[in-house]
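Next up, input08.txt (compact mmCIF, C-alpha atoms):
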# COMPACT_ATOMS: atom_id res chain seq x y z
CA MET A 69 -16.35 38.96 17.66
CA LEU A 70 -16.23 35.41 16.30
CA GLY A 71 -18.90 32.83 16.93
CA THR A 72 -20.12 29.39 15.96
CA ILE A 73 -23.50 27.69 15.73
CA ASP A 74 -24.07 23.99 16.26
CA LEU A 75 -26.33 22.74 13.48
CA ARG A 76 -27.57 19.92 15.72
CA GLU A 77 -28.98 22.26 18.33
CA ILE A 78 -32.35 23.95 18.13
CA HIS A 79 -32.79 27.73 18.19
CA SER A 80 -35.87 29.54 19.42
CA ALA A 81 -37.78 32.10 17.37
CA SER A 82 -35.54 34.98 16.36
CA SER A 83 -35.26 37.97 14.06
CA GLU A 84 -31.47 37.97 13.91
CA THR A 85 -30.68 38.10 10.20
CA GLU A 86 -26.98 37.27 10.59
CA VAL A 87 -27.74 34.10 12.56
CA LEU A 88 -30.39 33.04 10.04
CA LEU A 89 -27.82 33.56 7.30
CA ALA A 90 -25.40 31.37 9.23
CA TYR A 91 -27.92 28.52 9.50
CA PHE A 92 -28.68 28.81 5.79
CA GLN A 93 -24.96 28.40 4.95
CA GLN A 94 -25.19 24.65 5.61
CA LEU A 95 -26.63 24.37 2.12
CA VAL A 96 -23.45 25.71 0.48
CA GLY A 97 -21.48 22.94 -1.19
CA GLN A 98 -24.42 20.54 -1.33
CA PRO A 99 -25.16 18.94 -4.71
CA PHE A 100 -28.56 19.46 -6.27
CA LEU A 101 -30.57 16.25 -6.62
CA LEU A 102 -34.04 16.99 -7.91
CA CYS A 103 -37.04 19.26 -7.70
CA ARG A 104 -40.48 18.10 -6.73
CA VAL A 105 -43.78 19.92 -6.52
CA SER A 106 -45.76 19.13 -3.38
CA TYR A 107 -49.49 19.47 -2.87
CA GLY A 108 -50.49 23.11 -3.16
CA ASP A 109 -47.97 23.73 -5.96
CA GLU A 110 -45.18 24.14 -3.44
CA LEU A 111 -41.77 23.84 -5.10
CA SER A 112 -39.26 21.76 -3.18
CA LEU A 113 -35.58 21.51 -4.09
CA HIS A 114 -33.72 18.46 -2.84
CA PHE A 115 -29.98 18.52 -2.14
CA GLY A 116 -27.26 16.39 -0.63
CA GLU A 117 -27.40 12.63 -0.27
CA PRO A 118 -30.35 10.73 -1.77
CA ARG A 119 -32.40 9.06 0.93
CA PRO A 120 -35.51 6.90 1.00
CA TYR A 121 -38.73 8.40 2.27
CA ARG A 122 -39.66 7.27 5.75
CA SER A 123 -43.17 6.37 4.62
CA PRO A 124 -43.58 3.00 2.86
CA LYS A 125 -46.22 4.73 0.73
CA LEU A 126 -43.40 6.63 -0.99
CA LYS A 127 -40.83 3.85 -1.31
CA HIS A 128 -40.70 4.45 -5.08
CA LEU A 129 -39.31 7.96 -4.56
CA VAL A 130 -36.10 9.38 -3.14
CA LYS A 131 -35.56 12.62 -1.32
CA GLY A 132 -32.54 14.70 -0.42
CA SER A 133 -30.83 14.96 2.93
CA TYR A 134 -31.61 18.66 2.58
CA ILE A 135 -35.00 19.84 1.30
CA LEU A 136 -35.75 23.48 0.62
CA GLY A 137 -39.49 24.18 0.42
CA LEU A 138 -40.67 27.47 -1.05
CA ARG A 139 -43.99 27.59 0.73
CA ALA A 140 -45.51 31.05 0.57
CA SER A 141 -42.89 32.71 -1.57
CA ARG A 142 -42.86 33.96 -5.10
CA TRP A 143 -39.84 32.63 -6.94
CA HIS A 144 -37.87 32.82 -10.16
CA LEU A 145 -35.45 30.14 -11.32
CA ARG A 146 -32.86 31.00 -13.92
CA SER A 147 -31.31 28.22 -15.97
CA GLU A 148 -27.98 28.75 -17.70
CA SER A 149 -28.52 26.08 -20.32
CA PRO A 150 -31.01 26.50 -21.84
CA PRO A 151 -31.19 30.22 -21.04
CA ILE A 152 -34.63 30.23 -19.45
CA VAL A 153 -36.26 31.95 -16.50
CA VAL A 154 -39.02 29.95 -14.84
CA ILE A 155 -41.68 32.15 -13.24
CA GLY A 156 -43.10 30.51 -10.14
CA SER A 157 -46.40 32.32 -10.30
CA LEU A 158 -47.24 33.55 -13.78
CA PRO A 159 -50.06 36.10 -13.45
CA ASP A 160 -53.31 35.17 -15.16
CA SER A 161 -53.14 38.51 -16.97
CA VAL A 162 -50.02 37.38 -18.86
CA GLN A 163 -50.89 35.46 -21.99
CA PRO A 164 -48.50 32.91 -23.47
CA ASN A 165 -46.86 34.12 -26.68
CA GLY A 166 -43.60 33.60 -28.56
CA SER A 167 -41.31 34.12 -25.58
CA ILE A 168 -43.65 33.14 -22.74
CA ARG A 169 -45.14 29.69 -22.45
CA THR A 170 -46.83 27.85 -19.64
CA LEU A 171 -45.21 24.94 -17.82
CA THR A 172 -46.77 22.05 -15.92
CA ASN A 173 -45.47 20.85 -12.57
CA ARG A 174 -44.37 17.59 -14.14
CA GLU A 175 -42.50 19.42 -16.91
CA LEU A 176 -40.72 21.49 -14.28
CA GLU A 177 -39.73 18.37 -12.34
CA GLN A 178 -38.31 16.71 -15.43
CA ALA A 179 -36.66 19.70 -17.11
CA ASN A 180 -33.27 19.72 -15.33
CA TYR A 181 -33.16 23.50 -15.27
CA ILE A 182 -30.64 22.94 -12.49
CA GLN A 183 -28.28 20.15 -13.47
CA ARG A 184 -28.22 17.17 -11.11
CA GLY A 185 -25.00 17.38 -9.13
CA ALA A 186 -24.61 21.14 -9.51
CA LEU A 187 -23.25 22.54 -6.26
CA VAL A 188 -24.76 25.35 -4.25
CA MET A 189 -22.13 28.08 -4.51
CA THR A 190 -23.82 30.83 -2.52
CA ALA A 191 -26.84 30.95 -0.21
CA ASN A 192 -28.17 34.29 0.96
CA VAL A 193 -31.15 35.60 2.84
CA ILE A 194 -32.77 38.87 1.81
CA PRO A 195 -34.72 40.74 4.49
CA ASN A 196 -37.43 43.07 3.26
CA GLY A 197 -40.55 44.61 4.72
CA SER A 198 -42.69 41.49 4.55
CA GLY A 199 -40.18 38.84 5.54
CA TYR A 200 -37.02 37.05 4.49
CA GLY A 201 -36.36 36.20 0.88
CA LEU A 202 -33.53 33.98 -0.29
CA SER A 203 -31.18 33.50 -3.19
CA LEU A 204 -29.07 30.57 -4.36
CA GLU A 205 -26.37 30.34 -7.00
CA PHE A 206 -25.31 27.01 -8.49
CA SER A 207 -22.07 25.82 -10.04
CA ASP A 208 -23.82 25.20 -13.39
CA GLY A 209 -24.76 28.88 -13.60
CA ALA A 210 -28.39 28.45 -12.51
CA SER A 211 -29.80 30.70 -9.82
CA LEU A 212 -32.92 30.95 -7.72
CA ILE A 213 -34.52 33.91 -5.99
CA ALA A 214 -37.57 33.72 -3.73
CA VAL A 215 -39.47 36.58 -2.11
CA PRO A 216 -42.19 36.10 0.51
CA GLU A 217 -45.64 37.14 -0.46
CA ARG A 218 -47.55 39.49 1.80
CA ALA A 219 -48.90 37.64 4.84
CA ASP A 220 -52.29 38.39 6.34
CA PRO A 221 -52.50 38.89 10.12
CA GLY A 222 -52.57 35.52 11.85
CA GLU A 223 -50.97 33.71 8.93
CA THR A 224 -49.25 30.47 9.96
CA VAL A 225 -47.72 29.17 6.73
CA ALA A 226 -43.96 29.72 6.62
CA ASP A 227 -42.48 31.67 3.72
CA TRP A 228 -39.88 28.97 3.20
CA GLU A 229 -38.24 26.14 5.11
CA LEU A 230 -35.15 23.95 5.03
CA PHE A 231 -35.10 20.36 6.29
CA THR A 232 -31.62 19.27 7.33
CA PRO A 233 -29.95 15.89 7.92
CA TYR A 234 -29.73 16.72 11.63
CA SER A 235 -33.49 16.23 12.06
CA ARG A 236 -33.86 19.98 12.24
CA LEU A 237 -36.11 22.33 10.33
CA LEU A 238 -35.16 25.92 9.58
CA ARG A 239 -38.57 27.55 9.43
CA VAL A 240 -38.60 31.10 8.07
CA GLY A 241 -41.55 33.47 8.29
CA PRO A 242 -44.19 34.59 8.07
CA GLY A 243 -42.77 38.00 8.78
CA LEU A 244 -39.24 38.73 9.90
CA THR A 245 -38.98 35.75 12.23
CA TRP A 246 -37.37 32.34 11.96
CA GLU A 247 -36.67 29.32 14.13
CA TYR A 248 -34.60 26.14 13.97
CA ILE A 249 -36.66 23.34 15.44
CA ASP A 250 -36.81 19.59 15.94
CA SER A 251 -38.40 18.16 12.80
CA ARG A 252 -39.25 14.85 14.46
CA LYS A 253 -41.47 16.03 17.27
CA PRO A 254 -45.23 16.17 16.75
CA ILE A 255 -46.02 19.59 15.34
CA GLU A 256 -48.32 20.59 18.18
CA SER A 257 -45.61 20.10 20.79
CA ALA A 258 -42.53 20.91 18.72
CA GLU A 259 -39.90 22.25 21.07
CA THR A 260 -38.71 25.71 20.14
CA GLY A 261 -36.64 26.73 23.11
CA ALA A 262 -32.90 27.12 22.53
CA MET B 1390 -45.61 30.34 -5.30
CA GLY B 1391 -47.66 27.63 -3.69
CA ARG B 1392 -51.40 27.88 -3.16
CA LYS B 1393 -51.38 28.91 0.46
CA GLN B 1394 -54.84 27.60 1.36
CA ASP B 1395 -53.94 24.08 0.17
CA ILE B 1396 -50.62 24.22 2.02
CA ARG B 1397 -52.42 25.43 5.14
CA GLU B 1398 -54.85 22.50 4.96
CA ILE B 1399 -51.97 20.02 4.81
CA ASP B 1400 -50.49 21.70 7.89
CA GLN B 1401 -53.81 21.49 9.72
CA ILE B 1402 -54.32 17.83 8.84
CA ALA B 1403 -50.76 17.08 9.94
CA LYS B 1404 -51.40 18.73 13.27
CA GLN B 1405 -54.73 16.93 13.67
CA PHE B 1406 -53.07 13.54 13.15
CA GLY B 1407 -50.07 14.32 15.34
CA MET B 1408 -47.51 14.21 12.55
CA ASP B 1409 -44.03 15.65 12.98
CA GLU B 1410 -42.66 18.16 10.46
CA GLU B 1411 -40.84 15.54 8.37
CA THR B 1412 -43.97 13.43 8.14
CA ARG B 1413 -46.02 16.50 7.26
CA LYS B 1414 -43.61 17.18 4.42
CA GLU B 1415 -43.83 13.59 3.20
CA PHE B 1416 -47.63 13.72 3.46
CA GLY B 1417 -47.70 16.71 1.09
CA ASP B 1418 -45.57 14.75 -1.38
CA TYR B 1419 -47.83 11.72 -0.94
CA ILE B 1420 -50.97 13.70 -1.73
CA GLU B 1421 -49.40 15.10 -4.88
CA ASP B 1422 -48.16 11.62 -5.80
CA CYS B 1423 -51.72 10.36 -5.49
CA LYS B 1424 -52.82 12.98 -8.00
CA HIS B 1425 -50.02 12.01 -10.39
CA SER B 1426 -51.06 8.39 -10.24
CA GLY B 1427 -54.65 9.24 -11.09
CA GLU B 1428 -56.15 9.16 -7.58
CA ARG B 1429 -57.54 12.64 -7.78
CA GLY B 1430 -59.70 14.52 -5.32
CA THR B 1431 -63.11 15.96 -6.05
CA LYS B 1432 -62.61 19.49 -4.74
CA ASN B 1433 -62.04 21.07 -8.15
CA ALA B 1434 -60.96 20.43 -11.73
CA ARG B 1435 -57.30 20.30 -10.63
CA GLY B 1436 -58.07 17.16 -8.67
CA ASP B 1437 -57.45 18.75 -5.29
CA PHE B 1438 -58.86 17.09 -2.20
CA THR B 1439 -61.70 18.08 0.09
CA TRP B 1440 -61.10 18.18 3.81
CA SER B 1441 -62.70 14.78 4.37
CA GLU B 1442 -60.70 13.33 1.48
CA LEU B 1443 -57.51 14.69 3.07
CA GLU B 1444 -58.48 13.09 6.38
CA HIS B 1445 -59.04 9.78 4.59
CA ARG B 1446 -55.67 10.09 2.83
CA ALA B 1447 -53.96 10.90 6.12
CA ARG B 1448 -55.33 7.72 7.72
CA GLU B 1449 -54.23 5.77 4.65
CA PHE B 1450 -50.76 7.40 4.70
CA LEU B 1451 -50.27 6.65 8.37
CA GLY B 1452 -51.60 3.11 8.10
CA LEU B 1453 -54.54 3.83 10.39
CA ASN B 1454 -57.23 2.32 8.14

If you took the structure in this file and wrote it as structure tokens, what would it be?
Amino acid sequence: MLGTIDLREIHSASSETEVLLAYFQQLVGQPFLLCRVSYGDELSLHFGEPRPYRSPKLKHLVKGSYILGLRASRWHLRSESPPIVVIGSLPDSVQPNGSIRTLTNRELEQANYIQRGALVMTANVIPNGSGYGLSLEFSDGASLIAVPERADPGETVADWELFTPYSRLLRVGPGLTWEYIDSRKPIESAETGA
Amino acid sequence: MGRKQDIREIDQIAKQFGMDEETRKEFGDYIEDCKHSGERGTKNARGDFTWSELEHRAREFLGLN
């Protein structure tokens, strides 16, 4: 059976992996713009058209029409040139040596491990026992994989999220649930019904 | 991986001040931008913000001061 989804419409909480995968496909073909680390060491990847922030407090920055936030997920970013793997959460037990070195948030933001303008070639979701992971492949050979960390009962922080230019937020996790909601309604009363 | 407790606090502040999701996202970027520009919090050596400092920053961010 064939089907379509309208990326402008909201979708209530679901565990349908195939539909989540379909929503995530809107990132395919988008050019990479920049990465930025938000408060709490949350990595955000910006794609699509550069846009000004809505807040005048951030008028000196630009953001992407798509923003992927890796909230409560462990991640690895592989760069093709230079051939480097960035570890999103280097364990304290691992000591820097010849092949392993530490990286600051600012260094990560400025390193161009994904080349600006590189296109998203594939976007996949990876269900496992604790939630949905994701993977991205870029036209410059870079790739990203993110896996949700274990969530405690009652956890509210999403594993990852995607802001879209349709004023919609694809919110994934915790656990094997996701929703596609209005990103411009106050959080407390955000409508989630399809 | 982000520090979940800090991310959770941003979410809670956003909810307290009636922000939408896009504004919540921008608020997280604003707080980190404050740290980059030297306006650090007093919570720890990383310059993170206490709850009351986050509330103050939220009012500042939203132009409520």

Find the spatial neighbours of Asp1418 of chain B, counting all atoms listed in the file, within a cut-off of 9 Å - ignore same-chain residues fewer than 3 positions away - and output them as a list in words. Arg104, Val105, Ser106, Tyr107 and Leu126 of chain A; Arg1413, Lys1414, Glu1415, Glu1421, Asp1422 and Cys1423 of chain B

Per-residue nearest contacts of chain A to chain B (8 Å; only C-alpha atoms) as a Markdown table:
| residue | atom | partner | partner_atom | distance |
| --- | --- | --- | --- | --- |
| A:Val105 | CA | B:Asp1418 | CA | 7.5 |
| A:Ser106 | CA | B:Asp1418 | CA | 4.8 |
| A:Tyr107 | CA | B:Glu1421 | CA | 4.8 |
| A:Gly108 | CA | B:Arg1392 | CA | 4.9 |
| A:Asp109 | CA | B:Gly1391 | CA | 4.5 |
| A:Glu110 | CA | B:Gly1391 | CA | 4.3 |
| A:Leu111 | CA | B:Gly1391 | CA | 7.1 |
| A:Tyr121 | CA | B:Glu1415 | CA | 7.3 |
| A:Arg122 | CA | B:Thr1412 | CA | 7.9 |
| A:Ser123 | CA | B:Glu1415 | CA | 7.4 |
| A:Lys125 | CA | B:Phe1450 | CA | 6.6 |
| A:Leu126 | CA | B:Tyr1419 | CA | 6.7 |
| A:Leu138 | CA | B:Met1390 | CA | 7.1 |
| A:Arg139 | CA | B:Gly1391 | CA | 5.7 |
| A:Ala140 | CA | B:Gly1391 | CA | 5.9 |
| A:Ser141 | CA | B:Met1390 | CA | 5.2 |
| A:Arg142 | CA | B:Met1390 | CA | 4.6 |
| A:Trp143 | CA | B:Met1390 | CA | 6.4 |
| A:Gly156 | CA | B:Met1390 | CA | 5.5 |
| A:Ser157 | CA | B:Met1390 | CA | 5.4 |
| A:Thr224 | CA | B:Arg1397 | CA | 7.7 |
| A:Val225 | CA | B:Arg1397 | CA | 6.2 |
| A:Phe231 | CA | B:Glu1411 | CA | 7.8 |
| A:Leu237 | CA | B:Glu1410 | CA | 7.8 |
| A:Ser251 | CA | B:Glu1410 | CA | 4.9 |
| A:Arg252 | CA | B:Asp1409 | CA | 5.1 |
| A:Lys253 | CA | B:Asp1409 | CA | 5.0 |
| A:Pro254 | CA | B:Asp1409 | CA | 4.0 |
| A:Ile255 | CA | B:Asp1409 | CA | 5.0 |
| A:Glu256 | CA | B:Lys1404 | CA | 6.1 |
| A:Ala258 | CA | B:Asp1409 | CA | 7.9 |

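One finds atom CA of Pro195 of chain A at 13.2 Å from atom CA of Ser82 of chain A.
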
In Å to one decimal, how far is atom CA of Leu102 of chain A from atom CA of Leu89 of chain A? 23.3 Å

Select, from A:Glu217, A:Glu229, A:Glu84, A:Glu175, the residue with the minimum atom-to-atom distance to Gly197 of chain A, counting all atoms listed in the file.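 Ranking A:Glu217, A:Glu229, A:Glu84, A:Glu175 by distance to Gly197 of chain A, first place goes to A:Glu217.
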
Would you pick out the contacts of Leu171 of chain A at 12 Å or less, using only C-alpha atoms, so that residues sharing its chain but fewer than 2 positions from it are not included, and give the list as an MDAnalysis selection string? chainID A and resid 152:158 164 168:169 173:179

For atom CA of Thr170 of chain A and atom CA of Ser203 of chain A, determine how far apart the two atoms are, in Å to one decimal place. 23.4 Å

Would you compute, for all listed atoms of segment 1396-1402 of chain B, the axis-aligned bounding box grown by 4 Å on each side, and then report its centre and edge lengths in Å rounded to one decimal, as AutoDock Vina command-line options?
--center_x -52.7 --center_y 21.6 --center_z 5.9 --size_x 12.4 --size_y 15.6 --size_z 15.7

Long-range neighbours of Asp74 of chain A as a list in words, 12 Å cut-off, all atoms listed in the file, 3 positions minimum in chain: Gly71, Glu77, Ile78, His79, Val87, Ala90, Tyr91, Gln94, Tyr234, Arg236, Tyr248 and Ala262 of chain A

Around (-23.6, 32.2, -6.6) in the file's frame, which residues reach within 7 Å when counting all atoms listed in the file? Return as a VMD selection string? chain A and resid 189 to 190 204 to 206
